[in-house]
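> protein_14.tsv is the file, holding TSV, C-alpha atoms:
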chain	number	residue	atom	x	y	z
A	1	GLU	CA	-71.94	58.69	-41.08
A	2	GLU	CA	-74.97	60.81	-40.15
A	3	ARG	CA	-72.87	62.85	-37.69
A	4	ARG	CA	-70.10	63.33	-40.26
A	5	ILE	CA	-72.61	64.68	-42.79
A	6	TYR	CA	-74.20	66.87	-40.12
A	7	TYR	CA	-70.89	68.46	-39.06
A	8	ARG	CA	-69.88	69.00	-42.69
A	9	THR	CA	-73.21	70.76	-43.27
A	10	VAL	CA	-72.52	73.00	-40.26
A	11	GLU	CA	-69.12	73.89	-41.74
A	12	LEU	CA	-70.59	74.71	-45.14
A	13	LEU	CA	-73.32	76.90	-43.66
A	14	GLU	CA	-70.90	78.80	-41.44
A	15	ASP	CA	-68.45	79.26	-44.33
A	16	ALA	CA	-71.33	80.77	-46.34
A	17	GLY	CA	-72.05	83.30	-43.58
A	18	TYR	CA	-74.96	81.55	-41.89
A	19	GLN	CA	-75.11	81.40	-38.10
A	20	ARG	CA	-76.95	78.87	-35.97
A	21	TYR	CA	-79.60	80.73	-34.02
A	22	GLU	CA	-81.63	77.70	-33.01
A	23	ILE	CA	-80.94	73.97	-32.65
A	24	SER	CA	-81.82	73.16	-36.25
A	25	ASN	CA	-81.93	76.52	-38.00
A	26	TYR	CA	-79.33	78.81	-39.51
A	27	ALA	CA	-79.68	82.28	-40.96
A	28	LYS	CA	-77.62	85.27	-41.92
A	29	SER	CA	-77.51	87.92	-39.22
A	30	GLY	CA	-80.81	89.78	-38.96
A	31	ARG	CA	-82.64	87.22	-41.12
A	32	GLU	CA	-83.73	84.79	-38.38
A	33	CYS	CA	-87.27	83.41	-38.62
A	34	LYS	CA	-89.43	85.56	-36.36
A	35	HIS	CA	-92.24	83.01	-36.54
A	36	ASN	CA	-90.10	80.24	-35.00
A	37	LEU	CA	-88.48	82.56	-32.47
A	38	GLY	CA	-91.94	83.58	-31.31
A	39	TYR	CA	-92.65	79.96	-30.37
A	40	TRP	CA	-89.32	79.47	-28.58
A	41	GLU	CA	-89.79	82.74	-26.67
A	42	ARG	CA	-93.38	81.85	-25.70
A	43	LYS	CA	-94.89	84.90	-27.40
A	44	GLU	CA	-98.65	84.99	-27.77
A	45	TYR	CA	-100.26	84.29	-31.13
A	46	LEU	CA	-103.85	84.08	-32.32
A	47	GLY	CA	-105.11	81.04	-34.13
A	48	LEU	CA	-107.73	82.27	-36.56
A	49	GLY	CA	-109.49	79.92	-38.92
A	50	LEU	CA	-110.31	76.29	-39.40
A	51	GLY	CA	-107.94	74.02	-37.44
A	52	ALA	CA	-105.76	76.93	-36.31
A	53	SER	CA	-103.82	76.87	-33.05
A	54	GLY	CA	-103.18	79.77	-30.71
A	55	PHE	CA	-101.52	80.76	-27.44
A	56	VAL	CA	-103.08	83.59	-25.39
A	57	ASN	CA	-103.02	84.33	-21.64
A	58	GLU	CA	-101.08	81.13	-20.91
A	59	MET	CA	-103.70	79.05	-22.71
A	60	ARG	CA	-102.97	76.91	-25.75
A	61	TYR	CA	-105.91	76.10	-27.96
A	62	ARG	CA	-106.88	74.57	-31.26
A	63	ASN	CA	-109.93	75.40	-33.35
A	64	THR	CA	-112.18	72.76	-34.81
A	65	ASP	CA	-111.26	71.40	-38.21
A	66	ASP	CA	-114.89	70.57	-38.99
A	67	MET	CA	-116.17	73.17	-41.46
A	68	SER	CA	-119.85	72.76	-40.52
A	69	VAL	CA	-119.07	73.29	-36.80
A	70	TYR	CA	-116.84	76.23	-37.68
A	71	LYS	CA	-119.54	77.94	-39.76
A	72	GLU	CA	-122.21	77.28	-37.13
A	73	HIS	CA	-120.17	78.89	-34.34
A	74	ALA	CA	-118.11	81.45	-36.27
A	75	SER	CA	-119.69	84.32	-34.32
A	76	ASN	CA	-118.64	82.77	-30.99
A	77	PRO	CA	-114.86	82.06	-31.07
A	78	ASN	CA	-114.90	80.21	-27.74
A	79	ARG	CA	-117.23	77.57	-29.21
A	80	LEU	CA	-114.71	76.95	-32.02
A	81	LYS	CA	-112.05	75.65	-29.66
A	82	THR	CA	-111.88	71.86	-29.56
A	83	GLU	CA	-108.72	71.57	-27.49
A	84	THR	CA	-107.61	73.91	-24.74
A	85	GLU	CA	-104.89	73.76	-22.13
A	86	GLN	CA	-104.52	76.41	-19.44
A	87	LEU	CA	-100.86	76.21	-18.48
A	88	THR	CA	-100.01	75.88	-14.81
A	89	LEU	CA	-97.04	77.74	-13.34
A	90	VAL	CA	-95.05	74.49	-13.41
A	91	SER	CA	-95.90	74.03	-17.11
A	92	GLN	CA	-94.93	77.63	-17.88
A	93	MET	CA	-91.54	77.19	-16.22
A	94	GLY	CA	-90.94	73.92	-18.07
A	95	GLU	CA	-91.85	75.52	-21.39
A	96	TYR	CA	-89.57	78.46	-20.69
A	97	MET	CA	-86.71	76.01	-20.24
A	98	PHE	CA	-87.29	73.47	-23.00
A	99	LEU	CA	-88.42	75.98	-25.61
A	100	GLY	CA	-85.83	78.61	-24.69
A	101	LEU	CA	-82.94	76.14	-24.72
A	102	ARG	CA	-83.72	75.48	-28.39
A	103	LYS	CA	-82.25	78.91	-29.11
A	104	ARG	CA	-78.48	79.14	-29.45
A	105	GLN	CA	-78.44	81.98	-26.90
A	106	GLY	CA	-80.35	79.77	-24.44
A	107	VAL	CA	-82.33	81.16	-21.52
A	108	SER	CA	-81.79	84.02	-19.10
A	109	ILE	CA	-81.38	83.01	-15.46
A	110	SER	CA	-82.51	86.43	-14.18
A	111	GLN	CA	-85.49	86.57	-16.55
A	112	PHE	CA	-86.64	83.20	-15.19
A	113	ALA	CA	-86.57	84.59	-11.64
A	114	ASN	CA	-88.40	87.76	-12.71
A	115	MET	CA	-91.09	85.87	-14.61
A	116	PHE	CA	-91.75	83.09	-12.12
A	117	GLY	CA	-90.69	84.50	-8.75
A	118	SER	CA	-88.30	81.59	-8.13
A	119	ARG	CA	-84.65	80.97	-8.80
A	120	MET	CA	-84.02	78.54	-11.64
A	121	GLU	CA	-81.73	76.52	-9.37
A	122	SER	CA	-84.45	76.10	-6.75
A	123	ILE	CA	-86.78	74.55	-9.34
A	124	TYR	CA	-84.31	72.66	-11.57
A	125	GLY	CA	-81.18	72.36	-9.42
A	126	ASP	CA	-80.79	68.59	-9.80
A	127	GLN	CA	-81.36	68.67	-13.56
A	128	LEU	CA	-78.99	71.61	-14.05
A	129	ALA	CA	-76.22	69.99	-12.00
A	130	LYS	CA	-76.58	66.70	-13.89
A	131	LEU	CA	-76.58	68.36	-17.31
A	132	GLU	CA	-73.63	70.61	-16.44
A	133	ASN	CA	-71.64	67.64	-15.10
A	134	GLU	CA	-72.35	65.80	-18.37
A	135	ALA	CA	-71.20	68.90	-20.33
A	136	LEU	CA	-74.58	69.17	-22.06
A	137	ILE	CA	-75.32	72.71	-20.86
A	138	ARG	CA	-73.10	75.62	-19.88
A	139	ARG	CA	-73.47	78.98	-18.21
A	140	GLU	CA	-72.26	82.14	-19.83
A	141	GLY	CA	-72.93	85.18	-17.66
A	142	ASP	CA	-76.68	85.36	-17.06
A	143	ARG	CA	-77.43	82.77	-19.73
A	144	LEU	CA	-77.75	79.01	-19.72
A	145	MET	CA	-77.36	77.26	-23.08
A	146	LEU	CA	-76.75	73.92	-24.72
A	147	THR	CA	-73.19	72.92	-25.52
A	148	GLU	CA	-72.34	71.42	-28.91
A	149	GLN	CA	-72.64	67.98	-27.31
A	150	GLY	CA	-75.97	69.07	-25.77
A	151	ILE	CA	-77.27	70.05	-29.19
A	152	ASP	CA	-76.43	66.56	-30.47
A	153	VAL	CA	-78.68	65.01	-27.79
A	154	SER	CA	-81.05	67.95	-27.35
A	155	ASN	CA	-84.20	65.85	-27.08
A	156	CYS	CA	-82.77	64.09	-24.01
A	157	VAL	CA	-81.64	67.41	-22.49
A	158	LEU	CA	-84.95	69.17	-23.07
A	159	ALA	CA	-86.90	66.21	-21.66
A	160	GLU	CA	-85.27	66.92	-18.29
A	161	PHE	CA	-87.57	69.95	-17.95
A	162	LEU	CA	-90.84	68.19	-18.72
A	163	GLN	CA	-92.89	67.28	-15.66
Would you mind writing the file out in structure tokens?


Amino acid sequence: EERRIYYRTVELLEDAGYQRYEISNYAKSGRECKHNLGYWERKEYLGLGLGASGFVNEMRYRNTDDMSVYKEHASNPNRLKTETEQLTLVSQMGEYMFLGLRKRQGVSISQFANMFGSRMESIYGDQLAKLENEALIRREGDRLMLTEQGIDVSNCVLAEFLQ
């Protein structure tokens, strides 16, 4: 029943001129959410303020949510960070895959090689072969993307790139 409702919703959105640009988001052409796309494309963002999160120089961080600590260290932004994670190259590659595959256009095979100095197949060959054989991903030119069936089980597909 859930799948029937889901596919009917897809039909209604497409009939109304909305296009899927991400696993769970639709928009009219040119009206896609830049905020969400920034996450999926791993663009940097500053987290400013109490409890804010940011991503700069391959480091994810979160500011304190304790107002007294925030006020005490407001002049020293590094002391505001309560959680930090400096991403390794392996983590960066995994994020490129599992975040980028959320987008309908998927990921660029050549961009992966340019960014990380390795061919996608040399890092994820087994996963890619398995997912292609199961018809969960497909290649279209330089791009790798989820199939309709892959979208239905996207959490399982994306988990293949977490290490």

> Find the spatial neighbours of Gly141 (chain A), counting only C-alpha atoms, within a cut-off of 12 Å - ignore same-chain residues fewer than 5 positions away - and output them as a list in words.

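Counting only the stated atoms, we get Gln105, Gly106, Val107, Ser108, Ile109 and Ser110 of chain A.
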
> Which value, in Å to one decimal, gives the distance between CA of Asp65 (chain A) and CA of Leu80 (chain A)?

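Taking CA of Asp65 (chain A) and CA of Leu80 (chain A), their separation equals 9.0 Å.
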
> Check the smallest atom-to-atom distance from each of A:Glu58, A:Glu72, A:Arg3, A:Ala52 to Val153 (chain A) using all atoms listed in the file, then report the winner.

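Nearest to Val153 (chain A): A:Arg3.
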
> Please measure the separation of CA of Phe116 (chain A) and CA of Val56 (chain A), giving the value in Å to one decimal.

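Interatomic distance, CA of Phe116 (chain A) to CA of Val56 (chain A): 17.5 Å.
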
> Skip Tyr7 (chain A) itself and residues of its chain fewer than 6 positions away, then list as a PyMOL selection string all residues within 12 Å of it, counting all atoms listed in the file.

chain A and resi 1+13-14+148-149+151-152

> Counting only C-alpha atoms, which of A:Tyr21, A:Thr88, A:Leu162, A:Pro77 gets nearest to Leu46 (chain A)?

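Ranking A:Tyr21, A:Thr88, A:Leu162, A:Pro77 by distance to Leu46 (chain A), first place goes to A:Pro77.
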
> So which residues touch Gln127 (chain A) within 12 Å, counting all atoms listed in the file, skipping near sequence neighbours fewer than 2 positions away, as a ChimeraX atom specification?

/A:94,97,120-125,129-134,136-137,156-163

> Mind dumping the selected residues with C-alpha atoms as an mmCIF file, in the coordinates of the input?


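As written to disk, selection_21.cif reads:
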data_model
loop_
_atom_site.group_PDB
_atom_site.id
_atom_site.type_symbol
_atom_site.label_atom_id
_atom_site.label_comp_id
_atom_site.auth_asym_id
_atom_site.auth_seq_id
_atom_site.Cartn_x
_atom_site.Cartn_y
_atom_site.Cartn_z
ATOM 1 C CA GLY A 94 -90.940 73.920 -18.070
ATOM 2 C CA MET A 97 -86.710 76.010 -20.240
ATOM 3 C CA MET A 120 -84.020 78.540 -11.640
ATOM 4 C CA GLU A 121 -81.730 76.520 -9.370
ATOM 5 C CA SER A 122 -84.450 76.100 -6.750
ATOM 6 C CA ILE A 123 -86.780 74.550 -9.340
ATOM 7 C CA TYR A 124 -84.310 72.660 -11.570
ATOM 8 C CA GLY A 125 -81.180 72.360 -9.420
ATOM 9 C CA ALA A 129 -76.220 69.990 -12.000
ATOM 10 C CA LYS A 130 -76.580 66.700 -13.890
ATOM 11 C CA LEU A 131 -76.580 68.360 -17.310
ATOM 12 C CA GLU A 132 -73.630 70.610 -16.440
ATOM 13 C CA ASN A 133 -71.640 67.640 -15.100
ATOM 14 C CA GLU A 134 -72.350 65.800 -18.370
ATOM 15 C CA LEU A 136 -74.580 69.170 -22.060
ATOM 16 C CA ILE A 137 -75.320 72.710 -20.860
ATOM 17 C CA CYS A 156 -82.770 64.090 -24.010
ATOM 18 C CA VAL A 157 -81.640 67.410 -22.490
ATOM 19 C CA LEU A 158 -84.950 69.170 -23.070
ATOM 20 C CA ALA A 159 -86.900 66.210 -21.660
ATOM 21 C CA GLU A 160 -85.270 66.920 -18.290
ATOM 22 C CA PHE A 161 -87.570 69.950 -17.950
ATOM 23 C CA LEU A 162 -90.840 68.190 -18.720
ATOM 24 C CA GLN A 163 -92.890 67.280 -15.660
#

> Quick one: of A:Lys103, A:Thr84, A:Met115, A:Arg4, who's nearest to Glu32 (chain A), counting only C-alpha atoms?

A:Lys103

> Could you tell me which of A:Met145, A:Gly150, A:Arg104, A:Gln92 comes closest to Ala27 (chain A) if we count all atoms listed in the file?

A:Arg104

> What does the distance between CA of Arg62 (chain A) and CA of Tyr45 (chain A) come to in Å, to one decimal place?

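Rounded to one decimal, the two atoms are 11.8 Å apart.
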
> Box time for region 29-34 of chain A: axis-aligned, enclosing all its listed atoms, 4 Å extra on each side; report centre and edge lengths in Å to one decimal, as JSON.


{"center_x": -83.5, "center_y": 86.6, "center_z": -38.7, "size_x": 19.9, "size_y": 14.4, "size_z": 12.8}

> What would region 129-140 of chain A look like with all heavy atoms restored, written as a PDB file, keeping the file's coordinate frame?


ATOM      1  N   ALA A 129     -77.503  70.567 -12.448  1.00  0.00           N
ATOM      2  CA  ALA A 129     -76.220  69.990 -12.000  1.00  0.00           C
ATOM      3  C   ALA A 129     -75.858  68.782 -12.852  1.00  0.00           C
ATOM      4  O   ALA A 129     -74.710  68.647 -13.308  1.00  0.00           O
ATOM      5  CB  ALA A 129     -76.307  69.619 -10.527  1.00  0.00           C
ATOM      6  N   LYS A 130     -76.817  67.907 -13.074  1.00  0.00           N
ATOM      7  CA  LYS A 130     -76.580  66.700 -13.890  1.00  0.00           C
ATOM      8  C   LYS A 130     -76.139  67.076 -15.296  1.00  0.00           C
ATOM      9  O   LYS A 130     -75.149  66.553 -15.813  1.00  0.00           O
ATOM     10  CB  LYS A 130     -77.855  65.857 -13.926  1.00  0.00           C
ATOM     11  CG  LYS A 130     -77.790  64.671 -14.860  1.00  0.00           C
ATOM     12  CD  LYS A 130     -79.149  63.979 -14.963  1.00  0.00           C
ATOM     13  CE  LYS A 130     -79.091  62.919 -16.036  1.00  0.00           C
ATOM     14  NZ  LYS A 130     -80.320  62.753 -16.752  1.00  0.00           N
ATOM     15  N   LEU A 131     -76.885  67.990 -15.932  1.00  0.00           N
ATOM     16  CA  LEU A 131     -76.580  68.360 -17.310  1.00  0.00           C
ATOM     17  C   LEU A 131     -75.261  69.108 -17.433  1.00  0.00           C
ATOM     18  O   LEU A 131     -74.526  68.931 -18.410  1.00  0.00           O
ATOM     19  CB  LEU A 131     -77.736  69.193 -17.888  1.00  0.00           C
ATOM     20  CG  LEU A 131     -79.064  68.441 -18.032  1.00  0.00           C
ATOM     21  CD1 LEU A 131     -80.199  69.408 -18.339  1.00  0.00           C
ATOM     22  CD2 LEU A 131     -78.967  67.343 -19.085  1.00  0.00           C
ATOM     23  N   GLU A 132     -74.931  69.933 -16.433  1.00  0.00           N
ATOM     24  CA  GLU A 132     -73.630  70.610 -16.440  1.00  0.00           C
ATOM     25  C   GLU A 132     -72.496  69.608 -16.247  1.00  0.00           C
ATOM     26  O   GLU A 132     -71.477  69.680 -16.938  1.00  0.00           O
ATOM     27  CB  GLU A 132     -73.569  71.695 -15.368  1.00  0.00           C
ATOM     28  CG  GLU A 132     -74.286  72.971 -15.787  1.00  0.00           C
ATOM     29  CD  GLU A 132     -74.126  74.088 -14.777  1.00  0.00           C
ATOM     30  OE1 GLU A 132     -74.760  74.006 -13.699  1.00  0.00           O
ATOM     31  OE2 GLU A 132     -73.366  75.041 -15.081  1.00  0.00           O
ATOM     32  N   ASN A 133     -72.672  68.672 -15.333  1.00  0.00           N
ATOM     33  CA  ASN A 133     -71.640  67.640 -15.100  1.00  0.00           C
ATOM     34  C   ASN A 133     -71.415  66.787 -16.342  1.00  0.00           C
ATOM     35  O   ASN A 133     -70.303  66.318 -16.578  1.00  0.00           O
ATOM     36  CB  ASN A 133     -72.023  66.743 -13.916  1.00  0.00           C
ATOM     37  CG  ASN A 133     -71.866  67.458 -12.593  1.00  0.00           C
ATOM     38  OD1 ASN A 133     -71.102  68.415 -12.474  1.00  0.00           O
ATOM     39  ND2 ASN A 133     -72.598  66.998 -11.590  1.00  0.00           N
ATOM     40  N   GLU A 134     -72.463  66.584 -17.128  1.00  0.00           N
ATOM     41  CA  GLU A 134     -72.350  65.800 -18.370  1.00  0.00           C
ATOM     42  C   GLU A 134     -71.927  66.664 -19.551  1.00  0.00           C
ATOM     43  O   GLU A 134     -71.868  66.179 -20.680  1.00  0.00           O
ATOM     44  CB  GLU A 134     -73.688  65.111 -18.660  1.00  0.00           C
ATOM     45  CG  GLU A 134     -74.045  64.057 -17.624  1.00  0.00           C
ATOM     46  CD  GLU A 134     -75.437  63.468 -17.826  1.00  0.00           C
ATOM     47  OE1 GLU A 134     -76.212  63.978 -18.684  1.00  0.00           O
ATOM     48  OE2 GLU A 134     -75.753  62.502 -17.114  1.00  0.00           O
ATOM     49  N   ALA A 135     -71.632  67.950 -19.296  1.00  0.00           N
ATOM     50  CA  ALA A 135     -71.200  68.900 -20.330  1.00  0.00           C
ATOM     51  C   ALA A 135     -72.224  69.052 -21.448  1.00  0.00           C
ATOM     52  O   ALA A 135     -71.882  69.244 -22.614  1.00  0.00           O
ATOM     53  CB  ALA A 135     -69.832  68.508 -20.890  1.00  0.00           C
ATOM     54  N   LEU A 136     -73.518  69.005 -21.084  1.00  0.00           N
ATOM     55  CA  LEU A 136     -74.580  69.170 -22.060  1.00  0.00           C
ATOM     56  C   LEU A 136     -75.158  70.574 -22.060  1.00  0.00           C
ATOM     57  O   LEU A 136     -75.774  70.997 -23.039  1.00  0.00           O
ATOM     58  CB  LEU A 136     -75.687  68.137 -21.813  1.00  0.00           C
ATOM     59  CG  LEU A 136     -75.230  66.677 -21.900  1.00  0.00           C
ATOM     60  CD1 LEU A 136     -76.374  65.735 -21.535  1.00  0.00           C
ATOM     61  CD2 LEU A 136     -74.687  66.356 -23.284  1.00  0.00           C
ATOM     62  N   ILE A 137     -74.962  71.299 -20.944  1.00  0.00           N
ATOM     63  CA  ILE A 137     -75.320  72.710 -20.860  1.00  0.00           C
ATOM     64  C   ILE A 137     -74.155  73.462 -20.254  1.00  0.00           C
ATOM     65  O   ILE A 137     -73.290  72.872 -19.594  1.00  0.00           O
ATOM     66  CB  ILE A 137     -76.614  72.957 -20.032  1.00  0.00           C
ATOM     67  CG1 ILE A 137     -76.433  72.483 -18.590  1.00  0.00           C
ATOM     68  CG2 ILE A 137     -77.828  72.336 -20.692  1.00  0.00           C
ATOM     69  CD1 ILE A 137     -77.589  72.874 -17.663  1.00  0.00           C
ATOM     70  N   ARG A 138     -74.142  74.782 -20.486  1.00  0.00           N
ATOM     71  CA  ARG A 138     -73.100  75.620 -19.880  1.00  0.00           C
ATOM     72  C   ARG A 138     -73.701  76.972 -19.536  1.00  0.00           C
ATOM     73  O   ARG A 138     -74.709  77.390 -20.108  1.00  0.00           O
ATOM     74  CB  ARG A 138     -71.906  75.785 -20.810  1.00  0.00           C
ATOM     75  CG  ARG A 138     -72.183  76.541 -22.074  1.00  0.00           C
ATOM     76  CD  ARG A 138     -70.955  76.569 -22.990  1.00  0.00           C
ATOM     77  NE  ARG A 138     -71.311  77.083 -24.295  1.00  0.00           N
ATOM     78  CZ  ARG A 138     -71.339  78.365 -24.620  1.00  0.00           C
ATOM     79  NH1 ARG A 138     -71.036  79.284 -23.732  1.00  0.00           N
ATOM     80  NH2 ARG A 138     -71.665  78.736 -25.833  1.00  0.00           N
ATOM     81  N   ARG A 139     -73.065  77.638 -18.600  1.00  0.00           N
ATOM     82  CA  ARG A 139     -73.470  78.980 -18.210  1.00  0.00           C
ATOM     83  C   ARG A 139     -72.498  79.964 -18.810  1.00  0.00           C
ATOM     84  O   ARG A 139     -71.296  79.741 -18.819  1.00  0.00           O
ATOM     85  CB  ARG A 139     -73.463  79.127 -16.690  1.00  0.00           C
ATOM     86  CG  ARG A 139     -74.502  78.296 -16.014  1.00  0.00           C
ATOM     87  CD  ARG A 139     -74.321  78.323 -14.488  1.00  0.00           C
ATOM     88  NE  ARG A 139     -75.058  77.245 -13.890  1.00  0.00           N
ATOM     89  CZ  ARG A 139     -76.171  77.410 -13.184  1.00  0.00           C
ATOM     90  NH1 ARG A 139     -76.634  78.616 -12.954  1.00  0.00           N
ATOM     91  NH2 ARG A 139     -76.803  76.378 -12.683  1.00  0.00           N
ATOM     92  N   GLU A 140     -73.067  81.057 -19.290  1.00  0.00           N
ATOM     93  CA  GLU A 140     -72.260  82.140 -19.830  1.00  0.00           C
ATOM     94  C   GLU A 140     -72.898  83.435 -19.334  1.00  0.00           C
ATOM     95  O   GLU A 140     -73.917  83.857 -19.866  1.00  0.00           O
ATOM     96  CB  GLU A 140     -72.244  82.069 -21.352  1.00  0.00           C
ATOM     97  CG  GLU A 140     -71.241  82.989 -21.997  1.00  0.00           C
ATOM     98  CD  GLU A 140     -71.170  82.754 -23.495  1.00  0.00           C
ATOM     99  OE1 GLU A 140     -70.765  81.652 -23.911  1.00  0.00           O
ATOM    100  OE2 GLU A 140     -71.534  83.692 -24.240  1.00  0.00           O
TER     101      GLU A 140
END
